[in-house]
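A.B. asks: Input file: input.pdb. Contents: PDB, C-alpha atoms.
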MODEL        1
ATOM      1  CA  LEU A 155      55.807  -5.453   3.021
ATOM      2  CA  LEU A 156      56.429  -4.797   6.706
ATOM      3  CA  ILE A 157      57.620  -1.303   7.631
ATOM      4  CA  LEU A 158      59.009  -0.867  11.135
ATOM      5  CA  VAL A 159      58.935   2.857  11.734
ATOM      6  CA  GLY A 160      61.299   4.846  13.929
ATOM      7  CA  GLY A 161      60.488   6.291  17.304
ATOM      8  CA  ASN A 162      60.960   5.723  20.989
ATOM      9  CA  SER A 163      58.564   2.794  21.437
ATOM     10  CA  TRP A 164      61.018   0.041  20.583
ATOM     11  CA  ASP A 165      62.379  -0.572  24.056
ATOM     12  CA  THR A 166      59.916  -3.419  24.451
ATOM     13  CA  ASN A 167      60.051  -7.167  24.981
ATOM     14  CA  ASP A 168      56.428  -7.727  23.974
ATOM     15  CA  GLU A 169      56.017 -11.389  23.019
ATOM     16  CA  LEU A 170      53.331 -10.877  20.394
ATOM     17  CA  LEU A 171      55.428  -8.262  18.577
ATOM     18  CA  TYR A 172      58.474 -10.509  18.735
ATOM     19  CA  SER A 173      56.685 -13.482  17.190
ATOM     20  CA  PHE A 174      55.062 -11.262  14.558
ATOM     21  CA  ILE A 175      58.466  -9.976  13.438
ATOM     22  CA  THR A 176      60.077 -13.427  13.699
ATOM     23  CA  ASN A 177      57.347 -14.755  11.442
ATOM     24  CA  ALA A 178      57.959 -11.974   8.889
ATOM     25  CA  PHE A 179      61.677 -12.788   8.796
ATOM     26  CA  ASN A 180      61.022 -16.537   8.505
ATOM     27  CA  ARG A 181      58.638 -15.990   5.615
ATOM     28  CA  LYS A 182      61.156 -13.635   3.978
ATOM     29  CA  ILE A 183      58.581 -10.879   3.645
ATOM     30  CA  PRO A 184      60.132  -7.581   2.466
ATOM     31  CA  ILE A 185      60.970  -5.619   5.615
ATOM     32  CA  GLY A 186      62.032  -2.001   6.054
ATOM     33  CA  ALA A 187      63.307  -0.788   9.427
ATOM     34  CA  ILE A 188      64.541   2.676  10.314
ATOM     35  CA  CYS A 189      66.048   4.337  13.379
ATOM     36  CA  GLY A 190      64.772   2.884  16.666
ATOM     37  CA  ALA A 191      63.298  -0.109  14.850
ATOM     38  CA  VAL A 192      66.796  -1.182  13.774
ATOM     39  CA  ASP A 193      67.953  -0.958  17.388
ATOM     40  CA  TYR A 194      65.161  -3.404  18.210
ATOM     41  CA  LEU A 195      66.272  -5.758  15.429
ATOM     42  CA  ALA A 196      69.866  -5.604  16.684
ATOM     43  CA  ARG A 197      68.802  -6.334  20.253
ATOM     44  CA  HIS A 198      66.740  -9.346  19.170
ATOM     45  CA  SER A 199      69.304 -11.056  16.892
ATOM     46  CA  PHE A 200      67.512 -10.230  13.658
ATOM     47  CA  LEU A 201      70.411  -8.377  12.036
ATOM     48  CA  ASN A 202      73.157 -10.960  12.275
ATOM     49  CA  LYS A 203      72.566 -12.554   8.867
ATOM     50  CA  PHE A 204      72.206  -9.291   6.930
ATOM     51  CA  ILE A 205      74.481  -6.570   5.690
ATOM     52  CA  HIS A 206      72.904  -3.567   7.385
ATOM     53  CA  THR A 207      73.189  -0.138   8.921
ATOM     54  CA  GLY A 208      71.404   1.694  11.744
ATOM     55  CA  ASN A 209      71.738   4.704  13.985
ATOM     56  CA  SER A 210      75.052   3.929  15.606
ATOM     57  CA  LEU A 211      77.207   0.814  15.789
ATOM     58  CA  GLU A 212      78.690   2.013  19.090
ATOM     59  CA  GLN A 213      75.345   1.612  20.854
ATOM     60  CA  TRP A 214      75.137  -2.042  19.848
ATOM     61  CA  LEU A 215      78.601  -3.277  20.758
ATOM     62  CA  SER A 216      77.541  -4.292  24.241
ATOM     63  CA  LEU A 217      74.451  -6.215  23.109
ATOM     64  CA  ASP A 218      74.589  -9.986  23.695
ATOM     65  CA  ASN A 219      72.497 -10.744  20.625
ATOM     66  CA  TYR A 220      74.367  -8.522  18.185
ATOM     67  CA  THR A 221      77.341 -10.322  16.638
ATOM     68  CA  ALA A 222      77.425  -8.706  13.222
ATOM     69  CA  LEU A 223      79.661  -5.685  13.531
ATOM     70  CA  ASP A 224      81.513  -6.872  10.434
ATOM     71  CA  LYS A 225      78.215  -6.523   8.537
ATOM     72  CA  PHE A 226      77.538  -2.919   9.604
ATOM     73  CA  LEU A 227      78.045  -0.324   6.875
ATOM     74  CA  THR A 228      78.452   3.376   7.690
ATOM     75  CA  LYS A 229      75.824   4.370   5.132
ATOM     76  CA  GLN A 230      72.478   6.145   5.341
ATOM     77  CA  ALA A 231      70.552   3.058   4.241
ATOM     78  CA  VAL A 232      71.375  -0.496   3.193
ATOM     79  CA  LYS A 233      69.408  -3.144   1.281
ATOM     80  CA  ASP A 234      70.356  -6.800   1.661
ATOM     81  CA  LYS A 235      68.170  -9.726   0.640
ATOM     82  CA  HIS A 236      64.643  -8.888   1.904
ATOM     83  CA  LEU A 237      65.693  -6.317   4.501
ATOM     84  CA  VAL A 238      66.277  -2.560   4.253
ATOM     85  CA  THR A 239      67.801  -0.824   7.279
ATOM     86  CA  ALA A 240      68.373   2.893   7.719
ATOM     87  CA  ASN A 241      69.789   5.556   9.962
ATOM     88  CA  GLY A 242      67.117   7.756  11.545
ATOM     89  CA  THR A 243      68.111  10.698   9.378
ATOM     90  CA  ALA A 244      67.743   8.759   6.127
ATOM     91  CA  VAL A 245      64.127   9.324   5.187
ATOM     92  CA  LEU A 246      64.728   9.573   1.441
ATOM     93  CA  GLU A 247      67.409   6.892   1.206
ATOM     94  CA  PHE A 248      65.171   4.517   3.185
ATOM     95  CA  THR A 249      62.189   5.224   0.954
ATOM     96  CA  GLU A 250      64.276   4.740  -2.182
ATOM     97  CA  LEU A 251      65.618   1.338  -1.131
ATOM     98  CA  VAL A 252      62.234   0.106   0.106
ATOM     99  CA  LEU A 253      60.589   1.064  -3.196
ATOM    100  CA  LYS A 254      63.360  -0.774  -5.037
ATOM    101  CA  LEU A 255      63.024  -3.778  -2.706
ATOM    102  CA  ILE A 256      59.377  -4.252  -3.650
ATOM    103  CA  ASP A 257      59.859  -3.317  -7.332
ATOM    104  CA  PHE A 258      57.357  -0.523  -6.859
ATOM    105  CA  ASP A 259      58.270   0.960 -10.245
ATOM    106  CA  THR A 260      61.226   0.880 -12.627
ATOM    107  CA  VAL A 261      64.544   1.805 -11.044
ATOM    108  CA  GLY A 262      64.649   4.905 -13.255
ATOM    109  CA  ASN A 263      61.212   6.099 -12.158
ATOM    110  CA  ILE A 264      61.963   5.506  -8.486
ATOM    111  CA  GLU A 265      65.175   7.506  -8.798
ATOM    112  CA  LYS A 266      63.331  10.337 -10.527
ATOM    113  CA  GLN A 267      60.802  10.473  -7.676
ATOM    114  CA  ILE A 268      63.557  10.576  -5.093
ATOM    115  CA  TYR A 269      65.337  13.289  -7.089
ATOM    116  CA  LEU A 270      62.143  15.347  -6.874
ATOM    117  CA  TYR A 271      62.044  15.213  -3.090
ATOM    118  CA  ARG A 272      65.811  15.555  -2.629
ATOM    119  CA  ASN A 273      66.320  18.524  -4.964
ATOM    120  CA  GLY A 274      62.887  20.090  -5.004
ATOM    121  CA  TYR A 275      60.255  20.927  -7.555
ATOM    122  CA  TYR A 276      62.114  23.636  -9.480
ATOM    123  CA  ASN A 277      65.346  21.691  -9.892
ATOM    124  CA  TYR A 278      63.287  18.687 -10.957
ATOM    125  CA  CYS A 279      61.389  20.697 -13.565
ATOM    126  CA  GLU A 280      64.656  21.962 -14.985
ATOM    127  CA  LYS A 281      65.987  18.443 -15.365
ATOM    128  CA  TYR A 282      62.894  16.391 -16.212
ATOM    129  CA  GLY A 283      60.021  18.807 -16.875
ATOM    130  CA  SER A 284      56.927  19.132 -14.678
ATOM    131  CA  PRO A 285      56.075  16.035 -12.617
ATOM    132  CA  TYR A 286      52.343  16.829 -12.884
TER     133      TYR A 286
ATOM    134  CA  LEU B 154      50.872  27.233  15.687
ATOM    135  CA  LEU B 155      48.477  25.896  13.070
ATOM    136  CA  ILE B 156      49.910  23.397  10.575
ATOM    137  CA  LEU B 157      47.795  22.690   7.508
ATOM    138  CA  VAL B 158      49.187  19.451   6.116
ATOM    139  CA  GLY B 159      49.231  18.396   2.491
ATOM    140  CA  GLY B 160      47.009  15.800   0.917
ATOM    141  CA  ASN B 161      43.934  15.363  -1.203
ATOM    142  CA  SER B 162      41.296  16.367   1.345
ATOM    143  CA  TRP B 163      41.388  20.099   0.670
ATOM    144  CA  ASP B 164      38.765  20.229  -2.034
ATOM    145  CA  THR B 165      36.204  21.156   0.581
ATOM    146  CA  ASN B 166      33.920  24.083   1.344
ATOM    147  CA  ASP B 167      33.234  23.000   4.914
ATOM    148  CA  GLU B 168      32.009  26.039   6.864
ATOM    149  CA  LEU B 169      33.487  25.062  10.204
ATOM    150  CA  LEU B 170      36.929  24.559   8.691
ATOM    151  CA  TYR B 171      36.668  27.869   6.868
ATOM    152  CA  SER B 172      35.811  29.836  10.003
ATOM    153  CA  PHE B 173      38.490  28.020  11.990
ATOM    154  CA  ILE B 174      41.159  29.049   9.473
ATOM    155  CA  THR B 175      39.728  32.564   9.114
ATOM    156  CA  ASN B 176      39.963  32.939  12.852
ATOM    157  CA  ALA B 177      43.596  31.794  12.862
ATOM    158  CA  PHE B 178      44.472  34.376  10.204
ATOM    159  CA  ASN B 179      42.587  37.139  12.014
ATOM    160  CA  ARG B 180      44.382  36.363  15.258
ATOM    161  CA  LYS B 181      47.715  36.257  13.394
ATOM    162  CA  ILE B 182      48.534  32.828  14.792
ATOM    163  CA  PRO B 183      51.665  31.310  13.183
ATOM    164  CA  ILE B 184      50.415  29.200  10.272
ATOM    165  CA  GLY B 185      52.264  26.685   8.091
ATOM    166  CA  ALA B 186      50.605  25.324   4.940
ATOM    167  CA  ILE B 187      52.075  22.867   2.448
ATOM    168  CA  CYS B 188      50.975  21.368  -0.864
ATOM    169  CA  GLY B 189      47.190  20.889  -1.121
ATOM    170  CA  ALA B 190      46.635  23.119   1.905
ATOM    171  CA  VAL B 191      48.100  26.078   0.012
ATOM    172  CA  ASP B 192      45.715  25.384  -2.871
ATOM    173  CA  TYR B 193      42.909  25.682  -0.338
ATOM    174  CA  LEU B 194      44.283  28.995   0.941
ATOM    175  CA  ALA B 195      44.543  30.316  -2.626
ATOM    176  CA  ARG B 196      40.976  29.277  -3.417
ATOM    177  CA  HIS B 197      39.634  30.989  -0.306
ATOM    178  CA  SER B 198      41.426  34.356  -0.630
ATOM    179  CA  PHE B 199      43.832  33.771   2.238
ATOM    180  CA  LEU B 200      47.013  34.239   0.208
ATOM    181  CA  ASN B 201      46.425  37.642  -1.318
ATOM    182  CA  LYS B 202      48.131  39.661   1.426
ATOM    183  CA  PHE B 203      51.214  37.453   1.738
ATOM    184  CA  ILE B 204      54.334  36.778  -0.265
ATOM    185  CA  HIS B 205      53.976  33.027  -0.798
ATOM    186  CA  THR B 206      54.592  29.949  -2.865
ATOM    187  CA  GLY B 207      52.694  26.708  -3.464
ATOM    188  CA  ASN B 208      52.547  23.771  -5.820
ATOM    189  CA  SER B 209      51.947  25.588  -9.073
ATOM    190  CA  LEU B 210      50.921  29.111  -9.957
ATOM    191  CA  GLU B 211      49.388  27.890 -13.231
ATOM    192  CA  GLN B 212      46.686  25.999 -11.349
ATOM    193  CA  TRP B 213      45.569  29.157  -9.551
ATOM    194  CA  LEU B 214      45.361  31.627 -12.422
ATOM    195  CA  SER B 215      41.717  30.843 -13.081
ATOM    196  CA  LEU B 216      40.640  31.170  -9.453
ATOM    197  CA  ASP B 217      38.303  34.087  -8.723
ATOM    198  CA  ASN B 218      39.669  34.569  -5.231
ATOM    199  CA  TYR B 219      43.352  34.487  -6.120
ATOM    200  CA  THR B 220      44.643  37.899  -7.126
ATOM    201  CA  ALA B 221      48.220  37.697  -5.898
ATOM    202  CA  LEU B 222      50.232  36.302  -8.770
ATOM    203  CA  ASP B 223      52.723  39.134  -8.253
ATOM    204  CA  LYS B 224      53.321  37.760  -4.743
ATOM    205  CA  PHE B 225      54.065  34.180  -5.850
ATOM    206  CA  LEU B 226      57.734  33.177  -5.598
ATOM    207  CA  THR B 227      59.091  30.147  -7.473
ATOM    208  CA  LYS B 228      60.774  28.806  -4.348
ATOM    209  CA  GLN B 229      60.413  25.628  -2.334
ATOM    210  CA  ALA B 230      59.083  27.468   0.717
ATOM    211  CA  VAL B 231      58.377  31.076   1.691
ATOM    212  CA  LYS B 232      57.917  32.799   5.052
ATOM    213  CA  ASP B 233      56.060  36.104   5.213
ATOM    214  CA  LYS B 234      54.655  37.659   8.365
ATOM    215  CA  HIS B 235      52.935  34.843  10.271
ATOM    216  CA  LEU B 236      52.515  32.488   7.298
ATOM    217  CA  VAL B 237      54.806  29.828   5.820
ATOM    218  CA  THR B 238      53.780  28.272   2.510
ATOM    219  CA  ALA B 239      55.494  25.434   0.669
ATOM    220  CA  ASN B 240      55.543  23.317  -2.421
ATOM    221  CA  GLY B 241      54.521  19.709  -1.796
ATOM    222  CA  THR B 242      58.070  18.497  -2.347
ATOM    223  CA  ALA B 243      59.548  20.863   0.232
ATOM    224  CA  VAL B 244      59.409  18.862   3.437
ATOM    225  CA  LEU B 245      62.705  20.114   4.835
ATOM    226  CA  GLU B 246      62.404  23.720   3.646
ATOM    227  CA  PHE B 247      58.889  23.882   5.116
ATOM    228  CA  THR B 248      60.060  22.482   8.442
ATOM    229  CA  GLU B 249      62.989  24.894   8.567
ATOM    230  CA  LEU B 250      60.863  27.988   7.987
ATOM    231  CA  VAL B 251      58.135  26.890  10.416
ATOM    232  CA  LEU B 252      60.724  26.294  13.140
ATOM    233  CA  LYS B 253      62.155  29.744  12.457
ATOM    234  CA  LEU B 254      58.660  31.273  12.424
ATOM    235  CA  ILE B 255      57.973  30.103  15.964
ATOM    236  CA  ASP B 256      61.553  30.706  17.219
ATOM    237  CA  PHE B 257      61.771  27.046  18.124
ATOM    238  CA  ASP B 258      65.520  27.357  18.712
ATOM    239  CA  THR B 259      68.356  29.647  17.626
ATOM    240  CA  VAL B 260      68.639  30.094  13.881
ATOM    241  CA  GLY B 261      72.020  28.337  14.006
ATOM    242  CA  ASN B 262      70.636  25.289  15.804
ATOM    243  CA  ILE B 263      67.652  25.034  13.471
ATOM    244  CA  GLU B 264      69.960  25.142  10.454
ATOM    245  CA  LYS B 265      72.189  22.453  11.975
ATOM    246  CA  GLN B 266      69.161  20.187  12.454
ATOM    247  CA  ILE B 267      68.060  20.717   8.877
ATOM    248  CA  TYR B 268      71.622  20.044   7.681
ATOM    249  CA  LEU B 269      71.462  16.702   9.473
ATOM    250  CA  TYR B 270      68.338  15.604   7.615
ATOM    251  CA  ARG B 271      69.388  17.095   4.292
ATOM    252  CA  ASN B 272      72.902  15.680   4.193
ATOM    253  CA  GLY B 273      72.618  12.681   6.461
ATOM    254  CA  TYR B 274      74.230  11.433   9.610
ATOM    255  CA  TYR B 275      77.741  10.782   8.318
ATOM    256  CA  ASN B 276      78.140  14.128   6.576
ATOM    257  CA  TYR B 277      76.784  15.824   9.680
ATOM    258  CA  CYS B 278      79.266  14.030  11.945
ATOM    259  CA  GLU B 279      82.112  15.106   9.695
ATOM    260  CA  LYS B 280      81.049  18.733   9.916
ATOM    261  CA  TYR B 281      79.662  19.072  13.453
ATOM    262  CA  GLY B 282      80.485  15.872  15.329
ATOM    263  CA  SER B 283      77.885  13.375  16.557
ATOM    264  CA  PRO B 284      74.391  14.782  17.105
ATOM    265  CA  TYR B 285      73.776  12.296  19.964
TER     266      TYR B 285
ENDMDL
END
Could the structure of this file be written out as structure tokens, please?

C.D. replies:
Amino acid sequence: LLILVGGNSWDTNDELLYSFITNAFNRKIPIGAICGAVDYLARHSFLNKFIHTGNSLEQWLSLDNYTALDKFLTKQAVKDKHLVTANGTAVLEFTELVLKLIDFDTVGNIEKQIYLYRNGYYNYCEKYGSPY
Amino acid sequence: LLILVGGNSWDTNDELLYSFITNAFNRKIPIGAICGAVDYLARHSFLNKFIHTGNSLEQWLSLDNYTALDKFLTKQAVKDKHLVTANGTAVLEFTELVLKLIDFDTVGNIEKQIYLYRNGYYNYCEKYGSPY
């Protein structure tokens, strides 16, 4: 699993990073990218074969290497093949799809965990009993 | 501002840590504690003068130094005087109250930011327009 975290460090053309990520895509390793990391993937042609999302389609329209506007969904997070992409505000949705991507647990258990963090401890207890 | 993060490292009686935290309380520095950090505060008598919450009241009932069960609220996060406490699942509620504690921005702006992360980019845009 390769997680490409968000942040403001992605405005880079570092060769080593580029070949590392290229290698991960070629080997079809599960990849999760959120926020600024998805901008990087758009800028370097990695998104064109995947249904995906990101921060903002508008910011990518002028990119030479981004030709996949028909594959952009206006959703918080998207899973397609071995790639999960997410808007920078989509912490929980991103986590949920990445956990499903790697079969971390049963779908039901993953959704219960996400419910806990989305709705809080007391709502969770009411619905499922104590998580501890 | 002193943020005591969650995690499993709080089962400690380290003297330096204890005097550091004691000092912060004595100086009334703004303090935010979440999850395991609140267990630590309960165990070391720091909570008794504050309305507060935490992971689970049940786990504290047997503690010699915790005498404030009448001050425990079954809420995701609680702000009282210079202390914010939170359940381990309460990332957003904790953040919101800490930002309010230190007057990081106007209350309205803080609540808009939290709305963005709670409801996501597209719901936010519908309500407030683009955040960028």

A.B. asks: Dump as an mmCIF file with C-alpha atoms, keeping the file's coordinate frame the residues of chain B that approach chain A to within 10 Å, counting all atoms listed in the file.

C.D. replies:
data_model
loop_
_atom_site.group_PDB
_atom_site.id
_atom_site.type_symbol
_atom_site.label_atom_id
_atom_site.label_comp_id
_atom_site.auth_asym_id
_atom_site.auth_seq_id
_atom_site.Cartn_x
_atom_site.Cartn_y
_atom_site.Cartn_z
ATOM 1 C CA ASN B 208 52.547 23.771 -5.820
ATOM 2 C CA SER B 209 51.947 25.588 -9.073
ATOM 3 C CA THR B 227 59.091 30.147 -7.473
ATOM 4 C CA LYS B 228 60.774 28.806 -4.348
ATOM 5 C CA GLN B 229 60.413 25.628 -2.334
ATOM 6 C CA ASN B 240 55.543 23.317 -2.421
ATOM 7 C CA GLY B 241 54.521 19.709 -1.796
ATOM 8 C CA THR B 242 58.070 18.497 -2.347
ATOM 9 C CA ALA B 243 59.548 20.863 0.232
ATOM 10 C CA VAL B 244 59.409 18.862 3.437
ATOM 11 C CA LEU B 245 62.705 20.114 4.835
ATOM 12 C CA GLU B 246 62.404 23.720 3.646
ATOM 13 C CA LEU B 269 71.462 16.702 9.473
ATOM 14 C CA TYR B 270 68.338 15.604 7.615
ATOM 15 C CA ARG B 271 69.388 17.095 4.292
ATOM 16 C CA ASN B 272 72.902 15.680 4.193
ATOM 17 C CA GLY B 273 72.618 12.681 6.461
ATOM 18 C CA TYR B 274 74.230 11.433 9.610
ATOM 19 C CA TYR B 275 77.741 10.782 8.318
ATOM 20 C CA ASN B 276 78.140 14.128 6.576
ATOM 21 C CA SER B 283 77.885 13.375 16.557
ATOM 22 C CA TYR B 285 73.776 12.296 19.964
#

A.B. asks: I'd like the residues picked by the PyMOL selection byres ((chain B and resi 178) around 12) written out as a ChimeraX atom specification, using the chain letters and numbers from the file.

C.D. replies: /B:154-155,171-177,179-185,194,198-200,202-203,234-236

A.B. asks: Just to confirm, what's the straight-line distance from CA of Gly208 in chain A to CA of Asp193 in chain A in Å (one decimal)?

C.D. replies: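 Taking CA of Gly208 in chain A and CA of Asp193 in chain A, their separation equals 7.1 Å.
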
A.B. asks: Rotate and translate chain B onto chain A via least squares on all in-order Cα pairs, then write the result as a tab-separated table (two decimals) with C-alpha atoms, in the coordinates of the input.

C.D. replies:
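Ended up saving to superposed.tsv:
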chain	number	residue	atom	x	y	z
B	154	LEU	CA	55.80	-5.47	3.03
B	155	LEU	CA	56.42	-4.81	6.71
B	156	ILE	CA	57.61	-1.32	7.64
B	157	LEU	CA	59.00	-0.89	11.14
B	158	VAL	CA	58.92	2.85	11.74
B	159	GLY	CA	61.29	4.83	13.92
B	160	GLY	CA	60.50	6.27	17.31
B	161	ASN	CA	60.96	5.70	21.00
B	162	SER	CA	58.57	2.78	21.46
B	163	TRP	CA	61.03	0.02	20.60
B	164	ASP	CA	62.39	-0.60	24.06
B	165	THR	CA	59.93	-3.44	24.45
B	166	ASN	CA	60.06	-7.19	24.98
B	167	ASP	CA	56.44	-7.75	23.99
B	168	GLU	CA	56.03	-11.41	23.02
B	169	LEU	CA	53.36	-10.89	20.40
B	170	LEU	CA	55.44	-8.27	18.60
B	171	TYR	CA	58.48	-10.52	18.75
B	172	SER	CA	56.70	-13.49	17.20
B	173	PHE	CA	55.08	-11.27	14.58
B	174	ILE	CA	58.48	-9.98	13.45
B	175	THR	CA	60.08	-13.43	13.71
B	176	ASN	CA	57.37	-14.75	11.45
B	177	ALA	CA	57.97	-11.99	8.91
B	178	PHE	CA	61.69	-12.81	8.81
B	179	ASN	CA	61.03	-16.55	8.52
B	180	ARG	CA	58.64	-16.00	5.63
B	181	LYS	CA	61.16	-13.65	3.99
B	182	ILE	CA	58.58	-10.90	3.65
B	183	PRO	CA	60.12	-7.59	2.46
B	184	ILE	CA	60.96	-5.64	5.62
B	185	GLY	CA	62.03	-2.02	6.06
B	186	ALA	CA	63.30	-0.80	9.44
B	187	ILE	CA	64.53	2.68	10.32
B	188	CYS	CA	66.04	4.33	13.38
B	189	GLY	CA	64.76	2.88	16.68
B	190	ALA	CA	63.30	-0.12	14.86
B	191	VAL	CA	66.79	-1.19	13.78
B	192	ASP	CA	67.95	-0.97	17.39
B	193	TYR	CA	65.16	-3.40	18.21
B	194	LEU	CA	66.28	-5.76	15.44
B	195	ALA	CA	69.87	-5.61	16.69
B	196	ARG	CA	68.81	-6.35	20.26
B	197	HIS	CA	66.75	-9.35	19.18
B	198	SER	CA	69.31	-11.06	16.90
B	199	PHE	CA	67.52	-10.23	13.66
B	200	LEU	CA	70.42	-8.38	12.05
B	201	ASN	CA	73.17	-10.96	12.28
B	202	LYS	CA	72.56	-12.55	8.87
B	203	PHE	CA	72.21	-9.30	6.92
B	204	ILE	CA	74.49	-6.56	5.69
B	205	HIS	CA	72.89	-3.56	7.40
B	206	THR	CA	73.18	-0.14	8.93
B	207	GLY	CA	71.39	1.69	11.74
B	208	ASN	CA	71.73	4.70	13.99
B	209	SER	CA	75.04	3.92	15.61
B	210	LEU	CA	77.20	0.83	15.81
B	211	GLU	CA	78.69	2.03	19.12
B	212	GLN	CA	75.34	1.61	20.86
B	213	TRP	CA	75.14	-2.05	19.85
B	214	LEU	CA	78.61	-3.28	20.76
B	215	SER	CA	77.54	-4.30	24.24
B	216	LEU	CA	74.47	-6.21	23.11
B	217	ASP	CA	74.60	-9.97	23.70
B	218	ASN	CA	72.51	-10.72	20.64
B	219	TYR	CA	74.38	-8.52	18.19
B	220	THR	CA	77.34	-10.31	16.65
B	221	ALA	CA	77.43	-8.70	13.22
B	222	LEU	CA	79.67	-5.68	13.55
B	223	ASP	CA	81.52	-6.85	10.43
B	224	LYS	CA	78.22	-6.51	8.54
B	225	PHE	CA	77.53	-2.91	9.62
B	226	LEU	CA	78.03	-0.31	6.87
B	227	THR	CA	78.43	3.39	7.69
B	228	LYS	CA	75.81	4.38	5.13
B	229	GLN	CA	72.48	6.14	5.33
B	230	ALA	CA	70.54	3.06	4.24
B	231	VAL	CA	71.36	-0.51	3.19
B	232	LYS	CA	69.41	-3.15	1.28
B	233	ASP	CA	70.35	-6.80	1.66
B	234	LYS	CA	68.16	-9.73	0.66
B	235	HIS	CA	64.65	-8.91	1.89
B	236	LEU	CA	65.69	-6.32	4.50
B	237	VAL	CA	66.27	-2.57	4.26
B	238	THR	CA	67.78	-0.83	7.28
B	239	ALA	CA	68.37	2.89	7.74
B	240	ASN	CA	69.77	5.56	9.96
B	241	GLY	CA	67.11	7.76	11.55
B	242	THR	CA	68.10	10.70	9.38
B	243	ALA	CA	67.73	8.76	6.14
B	244	VAL	CA	64.12	9.33	5.18
B	245	LEU	CA	64.72	9.57	1.45
B	246	GLU	CA	67.40	6.88	1.21
B	247	PHE	CA	65.15	4.51	3.19
B	248	THR	CA	62.18	5.23	0.95
B	249	GLU	CA	64.26	4.73	-2.19
B	250	LEU	CA	65.60	1.34	-1.13
B	251	VAL	CA	62.21	0.10	0.10
B	252	LEU	CA	60.59	1.07	-3.20
B	253	LYS	CA	63.35	-0.78	-5.03
B	254	LEU	CA	63.00	-3.78	-2.70
B	255	ILE	CA	59.36	-4.26	-3.65
B	256	ASP	CA	59.84	-3.31	-7.34
B	257	PHE	CA	57.34	-0.52	-6.87
B	258	ASP	CA	58.26	0.95	-10.25
B	259	THR	CA	61.22	0.88	-12.64
B	260	VAL	CA	64.52	1.80	-11.05
B	261	GLY	CA	64.64	4.90	-13.27
B	262	ASN	CA	61.21	6.10	-12.18
B	263	ILE	CA	61.96	5.50	-8.50
B	264	GLU	CA	65.17	7.50	-8.80
B	265	LYS	CA	63.33	10.34	-10.55
B	266	GLN	CA	60.81	10.48	-7.70
B	267	ILE	CA	63.56	10.58	-5.11
B	268	TYR	CA	65.34	13.30	-7.12
B	269	LEU	CA	62.17	15.37	-6.91
B	270	TYR	CA	62.07	15.23	-3.11
B	271	ARG	CA	65.82	15.57	-2.67
B	272	ASN	CA	66.33	18.52	-4.98
B	273	GLY	CA	62.91	20.11	-5.03
B	274	TYR	CA	60.30	20.98	-7.57
B	275	TYR	CA	62.15	23.68	-9.50
B	276	ASN	CA	65.36	21.71	-9.93
B	277	TYR	CA	63.31	18.71	-10.98
B	278	CYS	CA	61.41	20.73	-13.60
B	279	GLU	CA	64.68	22.00	-15.02
B	280	LYS	CA	65.99	18.47	-15.39
B	281	TYR	CA	62.89	16.41	-16.24
B	282	GLY	CA	60.04	18.84	-16.90
B	283	SER	CA	56.95	19.16	-14.71
B	284	PRO	CA	56.08	16.08	-12.64
B	285	TYR	CA	52.33	16.91	-12.88

A.B. asks: In Å, with one decimal, what is the gap from CA of Leu215 in chain A to CA of Arg197 in chain A?

C.D. replies: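 That distance, rounded to one decimal, is 10.3 Å.
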
A.B. asks: In Å, with one decimal, what is the gap from CA of Asp164 in chain B to CA of Leu253 in chain A?

C.D. replies: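 If I compute the distance from CA of Asp164 in chain B to CA of Leu253 in chain A, I get 29.1 Å.
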
A.B. asks: Can you spell out as number ranges by chain the set of residues that the PyMOL selection byres ((chain B and resi 225) around 7) selects in the structure I just provided?

C.D. replies: B: 204-206, 221-224, 226-227

A.B. asks: For Asn262 in chain B, work out the shell of residues within 12 Å, counting only C-alpha atoms and skipping chain neighbours fewer than 4 positions away, then give it as a PDB file with C-alpha atoms, in the frame of the given file.

C.D. replies:
ATOM      1  CA  GLU B 249      62.989  24.894   8.567  1.00  0.00           C
ATOM      2  CA  LEU B 252      60.724  26.294  13.140  1.00  0.00           C
ATOM      3  CA  LYS B 253      62.155  29.744  12.457  1.00  0.00           C
ATOM      4  CA  ASP B 256      61.553  30.706  17.219  1.00  0.00           C
ATOM      5  CA  PHE B 257      61.771  27.046  18.124  1.00  0.00           C
ATOM      6  CA  ASP B 258      65.520  27.357  18.712  1.00  0.00           C
ATOM      7  CA  GLN B 266      69.161  20.187  12.454  1.00  0.00           C
ATOM      8  CA  ILE B 267      68.060  20.717   8.877  1.00  0.00           C
ATOM      9  CA  TYR B 268      71.622  20.044   7.681  1.00  0.00           C
ATOM     10  CA  LEU B 269      71.462  16.702   9.473  1.00  0.00           C
ATOM     11  CA  TYR B 281      79.662  19.072  13.453  1.00  0.00           C
ATOM     12  CA  PRO B 284      74.391  14.782  17.105  1.00  0.00           C
TER      13      PRO B 284
END
